[in-house]
Amino acid sequence: MNWITNYVRPRINSIFSRRETPDNLWTKCPECGTMLFHREVSENLNVCTNCDHHMHITPRARFEALFDGGIFTEVKVPASKPDPLQFRDQKKYPDRLKAAQKQTGESEAMLVACGEIGRTPIVAAAQDFSFMAGSMGMYVGNAIIAAAQEAVKLKRPLILFSAAGGARMQEGILSLMQMPRTTVAVQMLKEAGLPYIVVLTHPTTGGVTASYAMLGDVHIAEPNALICFAGPRVIEQTIREKLPEGFQRAEYLLDHGMLDRVTPRTQLRDELISITRMLLGQPPAIKGDLPAPKTDKTPPEAP
């Protein structure tokens, strides 16, 4: 028996012939623990195909699924002062911002865009919970004001997707001042007679819930979204009583009159089209009457 031929050579071949599996090929559902193929989850808008758990989705991915043909134009938002209070905890505030920007690829916690849904022009704004928990700082306030001003200028409805852990503590009182600022922005829409639709996603908490997130003409929530001002644990510790099952979840709030609808993410686009056109007094959208999908091929010129 030749140990070089029978053992060493096969061992060397097995080491060099291994194929590495990409880290992002599979996604584990945090609710049911099922391993899901990444592409399948993306095509289902980050909703688990096994238990229908709604996972985090970025504003950019949400807009690509929302707007006709995935086409939208970003609205410029005025920049805010980077560190108005010179705040520092375990890290400096600017360092936290840079880390969040590197992680998400976005400049801040809210994205504002213009486009069409079902051939209906709208302005949309969405918070990114992965950017410092979507916290409401001066930039988020500027973004909502910019979205409202753009909607009034273009005479379009505003659809806002909320997802936040509340006010941004690194900006202190300046963060809390965004509550009245955004309330004034919403009032601009109401005075212009334009619809304001809010989609509350998981989680929507704190000062966001106490301001622009609950001032819409229509409130829709994604399934099982946590929607509250103070969290359940804080309330239990305060009143020293056990809270009802599902307290502060979307379905509970719908049953108690705080929401108008609870709609799965995969059905949300069609429902927003119907509600928006209804509020504008327009006829229902025609199925299939949408722009042609984007293509890299350029049609030949006519002779």
# chains A, B, ... in the order shown; residues from 1 in each chain; ligands from 1
>>> residues_around(residues="A:Gly137", least_positions_apart="2", cutoff="12 Å", atoms="only C-alpha atoms", output="PyMOL selection string")
chain A and resi 79-84+97+108-110+127+131-135+139-144+164-179+181-182+207-208
>>> residues_around(residues="A:Ile159", least_positions_apart="2", cutoff="12 Å", atoms="only C-alpha atoms", output="PyMOL selection string")
chain A and resi 63+66-67+111-117+121-127+144+147-148+151+156-157+161-162+186+189+194-200+212-213+215-220+268-269+272-273+275-276
>>> select_by_dssp(residues="stretch 57-188 of chain A", states="helix (DSSP H, G or I)", output="MDAnalysis selection string")
chainID A and resid 59:66 68:70 93:104 132:134 138:154 169:176 178:188
>>> residues_around(residues="A:Ser42", least_positions_apart="5", cutoff="9 Å", atoms="only C-alpha atoms", output="JSON, numbers by chain")
{"A": [37, 47, 61]}
>>> write_last_selection(atoms="N, CA and C atoms", output="PDB file, in the first residue's frame")
ATOM      1  N   PHE A  37     -33.535  30.427   0.487  1.00  0.00           N
ATOM      2  CA  PHE A  37     -32.657  30.841  -0.596  1.00  0.00           C
ATOM      3  C   PHE A  37     -32.778  32.346  -0.780  1.00  0.00           C
ATOM      4  N   VAL A  47     -40.167  38.630   2.610  1.00  0.00           N
ATOM      5  CA  VAL A  47     -41.195  37.978   3.420  1.00  0.00           C
ATOM      6  C   VAL A  47     -40.918  36.478   3.396  1.00  0.00           C
ATOM      7  N   ALA A  61     -34.914  49.129  -1.884  1.00  0.00           N
ATOM      8  CA  ALA A  61     -35.543  47.905  -2.382  1.00  0.00           C
ATOM      9  C   ALA A  61     -37.066  48.028  -2.357  1.00  0.00           C
TER      10      ALA A  61
END
>>> atom_distance(atom1="atom CA of A:Glu236", atom2="atom CA of A:His54")
25.8 Å
